[in-house]
Amino acid sequence: QALMGRLIEAQESYATLAHLTLTPQAPAIFREAKDTGRAELARLSPRIPTLRIETSPAASSLKSVVVKVNGAQMPADLLGVARPVNPGKYHVTITASPSRTGAGDMDLKEGEAKSLEVRLAP
């Protein structure tokens, strides 16, 4: 997953492995895998980029806000929150009442923390 740029999915896999409960009778190779997962998780975390989406005017002044990131709906409550994402290109569209729309694009590389301001026009 990490080699394919799917860092969020890799982080979840490593976290699952690192928190796995093993019995005292578990084979040594299972313990080694758990230790490897914990080490990989620590190395992976700084590579994960974050994206913060802001609106102008502020989302708090709008009604019925719908946010889509690469076509998938995102909770509007997460506007203004730096969210971990996979590296890559992002297309954000936002609609709100009364009759406002806006869009923006962002390209994120590993380890970057960026903000995207989407201006909503009537």
# chains A, B, ... in the order shown; residues from 1 in each chain; ligands from 1
>>> residues_around(residues="Gln1 of chain A", least_positions_apart="3", cutoff="9 Å", atoms="only C-alpha atoms", output="PyMOL selection string")
chain A and resi 4-11+13
>>> write_last_selection(atoms="all heavy atoms", output="PDB file, in the first residue's frame")
ATOM      1  N   MET A   4       2.519   2.015  -3.245  1.00  0.00           N
ATOM      2  CA  MET A   4       1.589   2.441  -4.281  1.00  0.00           C
ATOM      3  C   MET A   4       1.033   3.833  -4.006  1.00  0.00           C
ATOM      4  O   MET A   4       0.146   4.301  -4.707  1.00  0.00           O
ATOM      5  CB  MET A   4       0.453   1.433  -4.402  1.00  0.00           C
ATOM      6  CG  MET A   4       0.923   0.069  -4.899  1.00  0.00           C
ATOM      7  SD  MET A   4      -0.369  -1.178  -4.911  1.00  0.00           S
ATOM      8  CE  MET A   4      -1.580  -0.447  -5.976  1.00  0.00           C
ATOM      9  N   GLY A   5       1.524   4.517  -2.958  1.00  0.00           N
ATOM     10  CA  GLY A   5       1.068   5.860  -2.635  1.00  0.00           C
ATOM     11  C   GLY A   5      -0.214   5.893  -1.830  1.00  0.00           C
ATOM     12  O   GLY A   5      -0.785   6.954  -1.612  1.00  0.00           O
ATOM     13  N   ARG A   6      -0.681   4.758  -1.376  1.00  0.00           N
ATOM     14  CA  ARG A   6      -1.898   4.694  -0.561  1.00  0.00           C
ATOM     15  C   ARG A   6      -1.483   4.715   0.914  1.00  0.00           C
ATOM     16  O   ARG A   6      -1.627   3.736   1.645  1.00  0.00           O
ATOM     17  CB  ARG A   6      -2.680   3.437  -0.937  1.00  0.00           C
ATOM     18  CG  ARG A   6      -3.159   3.504  -2.398  1.00  0.00           C
ATOM     19  CD  ARG A   6      -3.829   2.258  -2.891  1.00  0.00           C
ATOM     20  NE  ARG A   6      -4.871   1.803  -1.986  1.00  0.00           N
ATOM     21  CZ  ARG A   6      -5.225   0.537  -1.872  1.00  0.00           C
ATOM     22  NH1 ARG A   6      -4.635  -0.394  -2.586  1.00  0.00           N
ATOM     23  NH2 ARG A   6      -6.184   0.199  -1.040  1.00  0.00           N
ATOM     24  N   LEU A   7      -0.983   5.882   1.329  1.00  0.00           N
ATOM     25  CA  LEU A   7      -0.392   6.015   2.663  1.00  0.00           C
ATOM     26  C   LEU A   7      -1.419   5.900   3.786  1.00  0.00           C
ATOM     27  O   LEU A   7      -1.110   5.353   4.849  1.00  0.00           O
ATOM     28  CB  LEU A   7       0.371   7.337   2.771  1.00  0.00           C
ATOM     29  CG  LEU A   7       1.472   7.570   1.732  1.00  0.00           C
ATOM     30  CD1 LEU A   7       2.195   8.878   2.022  1.00  0.00           C
ATOM     31  CD2 LEU A   7       2.436   6.406   1.672  1.00  0.00           C
ATOM     32  N   ILE A   8      -2.623   6.416   3.574  1.00  0.00           N
ATOM     33  CA  ILE A   8      -3.658   6.323   4.612  1.00  0.00           C
ATOM     34  C   ILE A   8      -4.006   4.861   4.864  1.00  0.00           C
ATOM     35  O   ILE A   8      -4.098   4.422   6.021  1.00  0.00           O
ATOM     36  CB  ILE A   8      -4.915   7.123   4.205  1.00  0.00           C
ATOM     37  CG1 ILE A   8      -4.585   8.612   4.028  1.00  0.00           C
ATOM     38  CG2 ILE A   8      -6.040   6.924   5.208  1.00  0.00           C
ATOM     39  CD1 ILE A   8      -4.083   9.303   5.267  1.00  0.00           C
ATOM     40  N   GLU A   9      -4.178   4.099   3.805  1.00  0.00           N
ATOM     41  CA  GLU A   9      -4.507   2.677   3.945  1.00  0.00           C
ATOM     42  C   GLU A   9      -3.350   1.915   4.598  1.00  0.00           C
ATOM     43  O   GLU A   9      -3.558   1.046   5.449  1.00  0.00           O
ATOM     44  CB  GLU A   9      -4.841   2.066   2.578  1.00  0.00           C
ATOM     45  CG  GLU A   9      -6.113   2.610   1.971  1.00  0.00           C
ATOM     46  CD  GLU A   9      -5.943   3.922   1.210  1.00  0.00           C
ATOM     47  OE1 GLU A   9      -4.863   4.552   1.278  1.00  0.00           O
ATOM     48  OE2 GLU A   9      -6.911   4.337   0.545  1.00  0.00           O
ATOM     49  N   ALA A  10      -2.113   2.263   4.213  1.00  0.00           N
ATOM     50  CA  ALA A  10      -0.945   1.621   4.819  1.00  0.00           C
ATOM     51  C   ALA A  10      -0.865   1.947   6.309  1.00  0.00           C
ATOM     52  O   ALA A  10      -0.559   1.067   7.126  1.00  0.00           O
ATOM     53  CB  ALA A  10       0.328   2.083   4.111  1.00  0.00           C
ATOM     54  N   GLN A  11      -1.163   3.196   6.668  1.00  0.00           N
ATOM     55  CA  GLN A  11      -1.145   3.597   8.075  1.00  0.00           C
ATOM     56  C   GLN A  11      -2.151   2.765   8.877  1.00  0.00           C
ATOM     57  O   GLN A  11      -1.837   2.300   9.972  1.00  0.00           O
ATOM     58  CB  GLN A  11      -1.458   5.083   8.202  1.00  0.00           C
ATOM     59  CG  GLN A  11      -1.430   5.581   9.632  1.00  0.00           C
ATOM     60  CD  GLN A  11      -1.825   7.051   9.722  1.00  0.00           C
ATOM     61  OE1 GLN A  11      -2.747   7.501   9.055  1.00  0.00           O
ATOM     62  NE2 GLN A  11      -1.114   7.794  10.556  1.00  0.00           N
ATOM     63  N   SER A  13      -3.282  -0.225   8.151  1.00  0.00           N
ATOM     64  CA  SER A  13      -2.807  -1.611   8.218  1.00  0.00           C
ATOM     65  C   SER A  13      -1.707  -1.771   9.259  1.00  0.00           C
ATOM     66  O   SER A  13      -1.720  -2.702  10.065  1.00  0.00           O
ATOM     67  CB  SER A  13      -2.290  -2.065   6.849  1.00  0.00           C
ATOM     68  OG  SER A  13      -3.333  -2.103   5.914  1.00  0.00           O
TER      69      SER A  13
END
>>> atom_distance(atom1="atom CA of Val92 of chain A", atom2="atom CA of Leu116 of chain A")
8.8 Å
>>> closest_residue(among="A:Ala58, A:Ile48, A:Ala18, A:Ala76", to="Lys114 of chain A", atoms="only C-alpha atoms")
A:Ile48
>>> residues_around(residues="Ala72 of chain A", least_positions_apart="6", cutoff="12 Å", atoms="only C-alpha atoms", output="PyMOL selection string")
chain A and resi 66+90-94
>>> write_last_selection(atoms="N, CA and C atoms", output="PDB file, in the first residue's frame")
ATOM      1  N   VAL A  66     -22.494  21.565   0.676  1.00  0.00           N
ATOM      2  CA  VAL A  66     -22.140  20.234   0.177  1.00  0.00           C
ATOM      3  C   VAL A  66     -20.722  20.317  -0.371  1.00  0.00           C
ATOM      4  N   TYR A  90      -6.200  16.615  -6.152  1.00  0.00           N
ATOM      5  CA  TYR A  90      -7.523  16.723  -5.547  1.00  0.00           C
ATOM      6  C   TYR A  90      -8.316  17.824  -6.242  1.00  0.00           C
ATOM      7  N   HIS A  91      -9.565  17.502  -6.562  1.00  0.00           N
ATOM      8  CA  HIS A  91     -10.501  18.475  -7.127  1.00  0.00           C
ATOM      9  C   HIS A  91     -11.641  18.622  -6.122  1.00  0.00           C
ATOM     10  N   VAL A  92     -11.850  19.842  -5.651  1.00  0.00           N
ATOM     11  CA  VAL A  92     -12.853  20.114  -4.621  1.00  0.00           C
ATOM     12  C   VAL A  92     -13.954  20.975  -5.230  1.00  0.00           C
ATOM     13  N   THR A  93     -15.205  20.544  -5.020  1.00  0.00           N
ATOM     14  CA  THR A  93     -16.346  21.362  -5.413  1.00  0.00           C
ATOM     15  C   THR A  93     -17.206  21.596  -4.181  1.00  0.00           C
ATOM     16  N   ILE A  94     -17.723  22.810  -4.063  1.00  0.00           N
ATOM     17  CA  ILE A  94     -18.567  23.161  -2.928  1.00  0.00           C
ATOM     18  C   ILE A  94     -19.783  23.903  -3.451  1.00  0.00           C
TER      19      ILE A  94
END
>>> select_by_dssp(residues="segment 18-61 of chain A", states="strand (DSSP E or B)", output="list in words")
Thr50, Leu51, Arg52, Ile53, Glu54, Thr55 and Ser56 of chain A
>>> write_last_selection(atoms="N, CA and C atoms", output="PDB file, in the first residue's frame")
ATOM      1  N   THR A  50      -1.379  16.541   4.527  1.00  0.00           N
ATOM      2  CA  THR A  50      -2.676  16.983   5.043  1.00  0.00           C
ATOM      3  C   THR A  50      -3.226  18.078   4.138  1.00  0.00           C
ATOM      4  N   LEU A  51      -4.549  18.103   4.049  1.00  0.00           N
ATOM      5  CA  LEU A  51      -5.246  19.097   3.246  1.00  0.00           C
ATOM      6  C   LEU A  51      -6.328  19.745   4.096  1.00  0.00           C
ATOM      7  N   ARG A  52      -6.286  21.080   4.144  1.00  0.00           N
ATOM      8  CA  ARG A  52      -7.302  21.858   4.852  1.00  0.00           C
ATOM      9  C   ARG A  52      -8.088  22.614   3.782  1.00  0.00           C
ATOM     10  N   ILE A  53      -9.408  22.468   3.802  1.00  0.00           N
ATOM     11  CA  ILE A  53     -10.257  23.154   2.842  1.00  0.00           C
ATOM     12  C   ILE A  53     -10.998  24.272   3.563  1.00  0.00           C
ATOM     13  N   GLU A  54     -10.859  25.483   3.036  1.00  0.00           N
ATOM     14  CA  GLU A  54     -11.519  26.668   3.585  1.00  0.00           C
ATOM     15  C   GLU A  54     -12.457  27.223   2.522  1.00  0.00           C
ATOM     16  N   THR A  55     -13.441  28.000   2.946  1.00  0.00           N
ATOM     17  CA  THR A  55     -14.329  28.655   1.996  1.00  0.00           C
ATOM     18  C   THR A  55     -14.319  30.161   2.215  1.00  0.00           C
ATOM     19  N   SER A  56     -14.630  30.856   1.149  1.00  0.00           N
ATOM     20  CA  SER A  56     -14.815  32.298   1.221  1.00  0.00           C
ATOM     21  C   SER A  56     -16.084  32.609   0.431  1.00  0.00           C
TER      22      SER A  56
END
>>> residues_around(residues="Ala96 of chain A", least_positions_apart="6", cutoff="8 Å", atoms="only C-alpha atoms", output="ChimeraX atom specification")
/A:62-66
>>> closest_residue(among="A:Ala2, A:Thr95, A:Leu120, A:Gly71", to="Arg43 of chain A", atoms="only C-alpha atoms")
A:Ala2
>>> closest_residue(among="A:Leu17, A:Gly111, A:Pro75, A:Ala42", to="Phe30 of chain A", atoms="only C-alpha atoms")
A:Leu17
>>> atom_distance(atom1="atom CA of Arg100 of chain A", atom2="atom CA of Arg83 of chain A")
24.0 Å
>>> atom_distance(atom1="atom CA of Arg47 of chain A", atom2="atom CA of Glu110 of chain A")
5.0 Å
>>> closest_residue(among="A:Asp35, A:Gln73, A:Pro87, A:Pro49", to="Ala113 of chain A", atoms="only C-alpha atoms")
A:Pro49
>>> closest_residue(among="A:Met74, A:Leu20, A:Val85, A:Val67", to="Asp107 of chain A", atoms="only C-alpha atoms")
A:Val85
>>> select_by_dssp(residues="segment 14-111 of chain A", states="helix (DSSP H, G or I)", output="VMD selection string")
chain A and resid 14 to 18 28 to 47 59 to 61 76 to 78
>>> decode(residues="segment 6-34 of chain A", atoms="N, CA, C and O atoms", output="PDB file, in the first residue's frame")
ATOM      1  N   ARG A   6      -0.681   4.758  -1.376  1.00  0.00           N
ATOM      2  CA  ARG A   6      -1.898   4.694  -0.561  1.00  0.00           C
ATOM      3  C   ARG A   6      -1.483   4.715   0.914  1.00  0.00           C
ATOM      4  O   ARG A   6      -1.627   3.736   1.645  1.00  0.00           O
ATOM      5  N   LEU A   7      -0.983   5.882   1.329  1.00  0.00           N
ATOM      6  CA  LEU A   7      -0.392   6.015   2.663  1.00  0.00           C
ATOM      7  C   LEU A   7      -1.419   5.900   3.786  1.00  0.00           C
ATOM      8  O   LEU A   7      -1.110   5.353   4.849  1.00  0.00           O
ATOM      9  N   ILE A   8      -2.623   6.416   3.574  1.00  0.00           N
ATOM     10  CA  ILE A   8      -3.658   6.323   4.612  1.00  0.00           C
ATOM     11  C   ILE A   8      -4.006   4.861   4.864  1.00  0.00           C
ATOM     12  O   ILE A   8      -4.098   4.422   6.021  1.00  0.00           O
ATOM     13  N   GLU A   9      -4.178   4.099   3.805  1.00  0.00           N
ATOM     14  CA  GLU A   9      -4.507   2.677   3.945  1.00  0.00           C
ATOM     15  C   GLU A   9      -3.350   1.915   4.598  1.00  0.00           C
ATOM     16  O   GLU A   9      -3.558   1.046   5.449  1.00  0.00           O
ATOM     17  N   ALA A  10      -2.113   2.263   4.213  1.00  0.00           N
ATOM     18  CA  ALA A  10      -0.945   1.621   4.819  1.00  0.00           C
ATOM     19  C   ALA A  10      -0.865   1.947   6.309  1.00  0.00           C
ATOM     20  O   ALA A  10      -0.559   1.067   7.126  1.00  0.00           O
ATOM     21  N   GLN A  11      -1.163   3.196   6.668  1.00  0.00           N
ATOM     22  CA  GLN A  11      -1.145   3.597   8.075  1.00  0.00           C
ATOM     23  C   GLN A  11      -2.151   2.765   8.877  1.00  0.00           C
ATOM     24  O   GLN A  11      -1.837   2.300   9.972  1.00  0.00           O
ATOM     25  N   GLU A  12      -3.327   2.581   8.342  1.00  0.00           N
ATOM     26  CA  GLU A  12      -4.340   1.778   9.036  1.00  0.00           C
ATOM     27  C   GLU A  12      -3.891   0.325   9.182  1.00  0.00           C
ATOM     28  O   GLU A  12      -4.072  -0.282  10.239  1.00  0.00           O
ATOM     29  N   SER A  13      -3.282  -0.225   8.151  1.00  0.00           N
ATOM     30  CA  SER A  13      -2.807  -1.611   8.218  1.00  0.00           C
ATOM     31  C   SER A  13      -1.707  -1.771   9.259  1.00  0.00           C
ATOM     32  O   SER A  13      -1.720  -2.702  10.065  1.00  0.00           O
ATOM     33  N   TYR A  14      -0.744  -0.839   9.248  1.00  0.00           N
ATOM     34  CA  TYR A  14       0.341  -0.903  10.225  1.00  0.00           C
ATOM     35  C   TYR A  14      -0.171  -0.685  11.648  1.00  0.00           C
ATOM     36  O   TYR A  14       0.289  -1.339  12.589  1.00  0.00           O
ATOM     37  N   ALA A  15      -1.124   0.223  11.820  1.00  0.00           N
ATOM     38  CA  ALA A  15      -1.683   0.466  13.153  1.00  0.00           C
ATOM     39  C   ALA A  15      -2.417  -0.769  13.663  1.00  0.00           C
ATOM     40  O   ALA A  15      -2.300  -1.129  14.840  1.00  0.00           O
ATOM     41  N   THR A  16      -3.151  -1.427  12.778  1.00  0.00           N
ATOM     42  CA  THR A  16      -3.845  -2.662  13.159  1.00  0.00           C
ATOM     43  C   THR A  16      -2.834  -3.713  13.600  1.00  0.00           C
ATOM     44  O   THR A  16      -3.004  -4.362  14.635  1.00  0.00           O
ATOM     45  N   LEU A  17      -1.782  -3.868  12.819  1.00  0.00           N
ATOM     46  CA  LEU A  17      -0.749  -4.851  13.151  1.00  0.00           C
ATOM     47  C   LEU A  17      -0.049  -4.491  14.457  1.00  0.00           C
ATOM     48  O   LEU A  17       0.164  -5.352  15.315  1.00  0.00           O
ATOM     49  N   ALA A  18       0.274  -3.227  14.639  1.00  0.00           N
ATOM     50  CA  ALA A  18       0.993  -2.798  15.848  1.00  0.00           C
ATOM     51  C   ALA A  18       0.162  -2.989  17.111  1.00  0.00           C
ATOM     52  O   ALA A  18       0.713  -3.218  18.188  1.00  0.00           O
ATOM     53  N   HIS A  19      -1.159  -2.900  16.996  1.00  0.00           N
ATOM     54  CA  HIS A  19      -2.027  -3.033  18.167  1.00  0.00           C
ATOM     55  C   HIS A  19      -2.611  -4.429  18.334  1.00  0.00           C
ATOM     56  O   HIS A  19      -3.433  -4.653  19.216  1.00  0.00           O
ATOM     57  N   LEU A  20      -2.180  -5.340  17.512  1.00  0.00           N
ATOM     58  CA  LEU A  20      -2.661  -6.717  17.580  1.00  0.00           C
ATOM     59  C   LEU A  20      -2.254  -7.357  18.906  1.00  0.00           C
ATOM     60  O   LEU A  20      -1.110  -7.227  19.351  1.00  0.00           O
ATOM     61  N   THR A  21      -3.203  -8.004  19.546  1.00  0.00           N
ATOM     62  CA  THR A  21      -2.909  -8.698  20.801  1.00  0.00           C
ATOM     63  C   THR A  21      -2.472 -10.122  20.494  1.00  0.00           C
ATOM     64  O   THR A  21      -3.184 -10.866  19.815  1.00  0.00           O
ATOM     65  N   LEU A  22      -1.295 -10.481  20.966  1.00  0.00           N
ATOM     66  CA  LEU A  22      -0.762 -11.831  20.749  1.00  0.00           C
ATOM     67  C   LEU A  22      -0.740 -12.606  22.059  1.00  0.00           C
ATOM     68  O   LEU A  22      -0.493 -12.037  23.121  1.00  0.00           O
ATOM     69  N   THR A  23      -1.000 -13.863  21.960  1.00  0.00           N
ATOM     70  CA  THR A  23      -0.924 -14.727  23.145  1.00  0.00           C
ATOM     71  C   THR A  23       0.536 -15.060  23.422  1.00  0.00           C
ATOM     72  O   THR A  23       1.381 -14.953  22.530  1.00  0.00           O
ATOM     73  N   PRO A  24       0.850 -15.473  24.644  1.00  0.00           N
ATOM     74  CA  PRO A  24       2.236 -15.863  24.941  1.00  0.00           C
ATOM     75  C   PRO A  24       2.724 -17.016  24.071  1.00  0.00           C
ATOM     76  O   PRO A  24       3.923 -17.166  23.851  1.00  0.00           O
ATOM     77  N   GLN A  25       1.796 -17.806  23.540  1.00  0.00           N
ATOM     78  CA  GLN A  25       2.177 -18.942  22.706  1.00  0.00           C
ATOM     79  C   GLN A  25       2.341 -18.572  21.226  1.00  0.00           C
ATOM     80  O   GLN A  25       2.682 -19.419  20.405  1.00  0.00           O
ATOM     81  N   ALA A  26       2.133 -17.325  20.870  1.00  0.00           N
ATOM     82  CA  ALA A  26       2.228 -16.907  19.469  1.00  0.00           C
ATOM     83  C   ALA A  26       3.644 -17.139  18.951  1.00  0.00           C
ATOM     84  O   ALA A  26       4.623 -16.919  19.676  1.00  0.00           O
ATOM     85  N   PRO A  27       3.757 -17.585  17.711  1.00  0.00           N
ATOM     86  CA  PRO A  27       5.085 -17.824  17.133  1.00  0.00           C
ATOM     87  C   PRO A  27       5.924 -16.546  17.093  1.00  0.00           C
ATOM     88  O   PRO A  27       5.403 -15.437  16.991  1.00  0.00           O
ATOM     89  N   ALA A  28       7.234 -16.724  17.155  1.00  0.00           N
ATOM     90  CA  ALA A  28       8.160 -15.594  17.153  1.00  0.00           C
ATOM     91  C   ALA A  28       7.987 -14.731  15.905  1.00  0.00           C
ATOM     92  O   ALA A  28       8.115 -13.507  15.967  1.00  0.00           O
ATOM     93  N   ILE A  29       7.672 -15.345  14.787  1.00  0.00           N
ATOM     94  CA  ILE A  29       7.509 -14.583  13.547  1.00  0.00           C
ATOM     95  C   ILE A  29       6.335 -13.607  13.644  1.00  0.00           C
ATOM     96  O   ILE A  29       6.364 -12.532  13.052  1.00  0.00           O
ATOM     97  N   PHE A  30       5.293 -13.963  14.420  1.00  0.00           N
ATOM     98  CA  PHE A  30       4.168 -13.053  14.632  1.00  0.00           C
ATOM     99  C   PHE A  30       4.623 -11.832  15.436  1.00  0.00           C
ATOM    100  O   PHE A  30       4.236 -10.708  15.151  1.00  0.00           O
ATOM    101  N   ARG A  31       5.454 -12.065  16.446  1.00  0.00           N
ATOM    102  CA  ARG A  31       5.970 -10.965  17.264  1.00  0.00           C
ATOM    103  C   ARG A  31       6.877 -10.049  16.428  1.00  0.00           C
ATOM    104  O   ARG A  31       6.822  -8.829  16.558  1.00  0.00           O
ATOM    105  N   GLU A  32       7.681 -10.664  15.561  1.00  0.00           N
ATOM    106  CA  GLU A  32       8.551  -9.884  14.678  1.00  0.00           C
ATOM    107  C   GLU A  32       7.708  -9.030  13.723  1.00  0.00           C
ATOM    108  O   GLU A  32       8.035  -7.871  13.472  1.00  0.00           O
ATOM    109  N   ALA A  33       6.639  -9.607  13.197  1.00  0.00           N
ATOM    110  CA  ALA A  33       5.758  -8.865  12.287  1.00  0.00           C
ATOM    111  C   ALA A  33       5.121  -7.682  13.011  1.00  0.00           C
ATOM    112  O   ALA A  33       5.019  -6.587  12.454  1.00  0.00           O
ATOM    113  N   LYS A  34       4.727  -7.898  14.249  1.00  0.00           N
ATOM    114  CA  LYS A  34       4.128  -6.812  15.032  1.00  0.00           C
ATOM    115  C   LYS A  34       5.147  -5.694  15.260  1.00  0.00           C
ATOM    116  O   LYS A  34       4.826  -4.516  15.098  1.00  0.00           O
TER     117      LYS A  34
END
